[in-house]
Amino acid sequence: PASTYILQYKVDAQTAKTDFVDAGAVTVPALAPQNPVDIMLTDGQSGEQVTLAGYTLAINGAEQAVGVSEPLRPGDLLTLRLFWRADTEVSEDYHAFVHLVDQRRQSLVSFDKIPGQESARPRFWDRFYAEADSYELRIPAHATGGLYTPVVGFYDADEMDRFMFTRTDGVVADAVDLAPVKVVAASALRPQQSAEVTYGNFGQLVGYDVARTATQLSAGDNLTVTVYYRGLLPAA
């Protein structure tokens, strides 16, 4: 546990015995997971409790700032690293899940498993140390563009009962919503004329189409110009 510990020693030989002597102090800092969440989930049957302490997010192995991450594209690998604590004794190896859902709460891709490393499964957790737990989600080729929310939960795999928690608005829920990520779908549209004009760090003109009603334009003729833009920042 995080605290300050005193290191002591003593001599205990055949010819002499001494009391313990203080050699110095050692401070073990508390681990503070990045992007803290600190939501406690409770099993309604046993009363056992675990806390989702925090998480990190990476795209294709590159760490991202939560809430302002780079947009994902089909084929990209989204890695969520969760940090769990046990607030009570945990009697069995429960399961956890991460579902990436759209704005209609339909799952695009999901991953369920026993959380933690083989030597650090839920039965071995405690309230002092946050155990790391990674989930890799590959964005499928058929993904449509939009905002998707990583949803995290904890459950009894035998009974299929989820742990519950009370949201800040008072609603009892069985899954935790993390910060949304943006998926940009592969576009089938191709501009007739290419262009590469970048506007600051937020957008880019990638091309345009020109449609006219006649080869030689005269007063009153219609000229339609369609421009194609690409956003460089995630949606707010």
# chains A, B, ... in the order shown; residues from 1 in each chain; ligands from 1
>>> residues_around(residues="Gln204 (chain A)", least_positions_apart="3", cutoff="7 Å", atoms="only C-alpha atoms", output="VMD selection string")
chain A and resid 196 to 199 229 to 231
>>> write_last_selection(atoms="N, CA and C atoms", output="PDB file, in the first residue's frame")
ATOM      1  N   GLU A 196      -4.638  20.241 -52.616  1.00  0.00           N
ATOM      2  CA  GLU A 196      -4.114  20.026 -51.269  1.00  0.00           C
ATOM      3  C   GLU A 196      -3.883  21.385 -50.635  1.00  0.00           C
ATOM      4  N   VAL A 197      -4.939  21.912 -50.070  1.00  0.00           N
ATOM      5  CA  VAL A 197      -4.871  23.203 -49.408  1.00  0.00           C
ATOM      6  C   VAL A 197      -5.258  22.986 -47.947  1.00  0.00           C
ATOM      7  N   THR A 198      -4.327  23.291 -47.038  1.00  0.00           N
ATOM      8  CA  THR A 198      -4.556  23.063 -45.614  1.00  0.00           C
ATOM      9  C   THR A 198      -4.890  24.375 -44.920  1.00  0.00           C
ATOM     10  N   TYR A 199      -5.920  24.347 -44.097  1.00  0.00           N
ATOM     11  CA  TYR A 199      -6.350  25.520 -43.342  1.00  0.00           C
ATOM     12  C   TYR A 199      -5.960  25.325 -41.876  1.00  0.00           C
ATOM     13  N   TYR A 229     -13.824  18.490 -48.482  1.00  0.00           N
ATOM     14  CA  TYR A 229     -12.975  18.839 -47.362  1.00  0.00           C
ATOM     15  C   TYR A 229     -12.724  17.609 -46.491  1.00  0.00           C
ATOM     16  N   ARG A 230     -11.620  17.653 -45.788  1.00  0.00           N
ATOM     17  CA  ARG A 230     -11.293  16.614 -44.805  1.00  0.00           C
ATOM     18  C   ARG A 230     -10.951  17.300 -43.485  1.00  0.00           C
ATOM     19  N   GLY A 231     -11.621  16.875 -42.406  1.00  0.00           N
ATOM     20  CA  GLY A 231     -11.308  17.419 -41.089  1.00  0.00           C
ATOM     21  C   GLY A 231     -10.029  16.803 -40.537  1.00  0.00           C
TER      22      GLY A 231
END
>>> residues_around(residues="Pro140 (chain A)", least_positions_apart="4", cutoff="9 Å", atoms="only C-alpha atoms", output="ChimeraX atom specification")
/A:73-76,108-109
>>> write_last_selection(atoms="N, CA and C atoms", output="PDB file, in the first residue's frame")
ATOM      1  N   ARG A  73      -9.846   5.188 -38.458  1.00  0.00           N
ATOM      2  CA  ARG A  73     -10.299   4.784 -39.791  1.00  0.00           C
ATOM      3  C   ARG A  73     -10.435   3.266 -39.836  1.00  0.00           C
ATOM      4  N   PRO A  74     -11.238   2.735 -40.748  1.00  0.00           N
ATOM      5  CA  PRO A  74     -11.356   1.283 -40.856  1.00  0.00           C
ATOM      6  C   PRO A  74      -9.980   0.623 -40.947  1.00  0.00           C
ATOM      7  N   GLY A  75      -9.782  -0.429 -40.166  1.00  0.00           N
ATOM      8  CA  GLY A  75      -8.508  -1.124 -40.106  1.00  0.00           C
ATOM      9  C   GLY A  75      -7.618  -0.670 -38.971  1.00  0.00           C
ATOM     10  N   ASP A  76      -7.897   0.498 -38.371  1.00  0.00           N
ATOM     11  CA  ASP A  76      -7.090   0.986 -37.254  1.00  0.00           C
ATOM     12  C   ASP A  76      -7.333   0.133 -36.010  1.00  0.00           C
ATOM     13  N   LEU A 108     -20.318  -1.644 -32.526  1.00  0.00           N
ATOM     14  CA  LEU A 108     -19.522  -1.783 -33.744  1.00  0.00           C
ATOM     15  C   LEU A 108     -18.514  -2.909 -33.586  1.00  0.00           C
ATOM     16  N   VAL A 109     -17.856  -2.979 -32.426  1.00  0.00           N
ATOM     17  CA  VAL A 109     -16.870  -4.015 -32.142  1.00  0.00           C
ATOM     18  C   VAL A 109     -16.776  -4.121 -30.622  1.00  0.00           C
TER      19      VAL A 109
END
>>> closest_atom_pairs(of="region 135-230 of chain A", to="region 83-106 of chain A", cutoff="8 Å", atoms="only C-alpha atoms", output="CSV")
residue,atom,partner,partner_atom,distance
A:Tyr135,CA,A:Val98,CA,7.2
A:Gly146,CA,A:Asp102,CA,7.6
A:Leu147,CA,A:Asp102,CA,6.5
A:Tyr148,CA,A:Asp102,CA,4.6
A:Thr149,CA,A:Val101,CA,5.3
A:Pro150,CA,A:Leu100,CA,4.5
A:Val151,CA,A:His99,CA,5.1
A:Val152,CA,A:Val98,CA,4.7
A:Gly153,CA,A:Phe97,CA,5.3
A:Phe154,CA,A:Ala96,CA,4.3
A:Tyr155,CA,A:His95,CA,5.4
A:Asp156,CA,A:Tyr94,CA,5.2
A:Ala157,CA,A:His95,CA,6.1
>>> residues_around(residues="Leu232 (chain A)", least_positions_apart="2", cutoff="7 Å", atoms="only C-alpha atoms", output="tab-separated table (two decimals) with all heavy atoms, in the first residue's frame")
chain	number	residue	atom	x	y	z
A	201	ASN	N	-4.63	23.91	-38.62
A	201	ASN	CA	-4.50	22.50	-38.23
A	201	ASN	C	-5.85	21.81	-38.12
A	201	ASN	O	-5.98	20.74	-37.53
A	201	ASN	CB	-3.77	22.40	-36.88
A	201	ASN	CG	-4.57	23.01	-35.74
A	201	ASN	OD1	-5.51	23.75	-36.00
A	201	ASN	ND2	-4.19	22.72	-34.51
A	202	PHE	N	-6.89	22.45	-38.71
A	202	PHE	CA	-8.23	21.91	-38.51
A	202	PHE	C	-8.89	21.34	-39.76
A	202	PHE	O	-9.86	20.60	-39.66
A	202	PHE	CB	-9.15	22.97	-37.92
A	202	PHE	CG	-9.34	24.19	-38.80
A	202	PHE	CD1	-10.32	24.23	-39.76
A	202	PHE	CD2	-8.50	25.28	-38.65
A	202	PHE	CE1	-10.48	25.34	-40.58
A	202	PHE	CE2	-8.66	26.41	-39.46
A	202	PHE	CZ	-9.64	26.44	-40.43
A	203	GLY	N	-8.42	21.68	-40.96
A	203	GLY	CA	-9.11	21.19	-42.15
A	203	GLY	C	-8.25	21.25	-43.40
A	203	GLY	O	-7.21	21.92	-43.43
A	230	ARG	N	-11.62	17.65	-45.79
A	230	ARG	CA	-11.29	16.61	-44.81
A	230	ARG	C	-10.95	17.30	-43.48
A	230	ARG	O	-10.12	18.21	-43.44
A	230	ARG	CB	-10.11	15.77	-45.27
A	230	ARG	CG	-9.67	14.71	-44.23
A	230	ARG	CD	-8.41	13.98	-44.67
A	230	ARG	NE	-8.62	13.26	-45.91
A	230	ARG	CZ	-7.90	13.45	-47.01
A	230	ARG	NH1	-6.94	14.35	-47.05
A	230	ARG	NH2	-8.16	12.74	-48.11
A	234	PRO	N	-10.52	15.86	-34.27
A	234	PRO	CA	-11.72	15.14	-33.88
A	234	PRO	C	-12.86	16.10	-33.60
A	234	PRO	O	-12.65	17.26	-33.26
A	234	PRO	CB	-11.29	14.41	-32.62
A	234	PRO	CG	-10.14	15.19	-32.09
A	234	PRO	CD	-9.44	15.74	-33.30
>>> closest_residue(among="A:Asp221, A:Asp43, A:Asp126, A:Glu118", to="Phe165 (chain A)", atoms="only C-alpha atoms")
A:Asp43
>>> atom_distance(atom1="CA of Arg162 (chain A)", atom2="CA of Asp174 (chain A)")
6.0 Å
>>> residues_around(residues="Leu7 (chain A)", least_positions_apart="2", cutoff="7 Å", atoms="only C-alpha atoms", output="PyMOL selection string")
chain A and resi 5+22-25
>>> write_last_selection(atoms="C-alpha atoms", output="short mmCIF file (atom, residue, chain, number, x, y, z; two decimals), in the first residue's frame")
data_model
loop_
_atom_site.label_atom_id
_atom_site.label_comp_id
_atom_site.auth_asym_id
_atom_site.auth_seq_id
_atom_site.Cartn_x
_atom_site.Cartn_y
_atom_site.Cartn_z
CA TYR A 5 7.89 2.54 5.61
CA ASP A 22 16.37 2.07 11.90
CA ALA A 23 18.27 2.32 8.61
CA GLY A 24 16.04 4.88 6.92
CA ALA A 25 12.60 5.53 5.49
#
>>> closest_residue(among="A:Phe163, A:Tyr129, A:Tyr208, A:Phe124", to="Thr226 (chain A)", atoms="only C-alpha atoms")
A:Tyr208
>>> select_by_dssp(residues="region 73-235 of chain A", states="strand (DSSP E or B)", output="VMD selection string")
chain A and resid 77 to 86 95 to 101 107 to 113 131 to 138 146 to 156 161 to 162 164 to 166 172 to 173 176 to 177 181 to 183 193 to 199 203 to 212 223 to 231
>>> closest_residue(among="A:Asp112, A:Met160, A:Leu77, A:Gly200", to="Gln45 (chain A)", atoms="only C-alpha atoms")
A:Met160
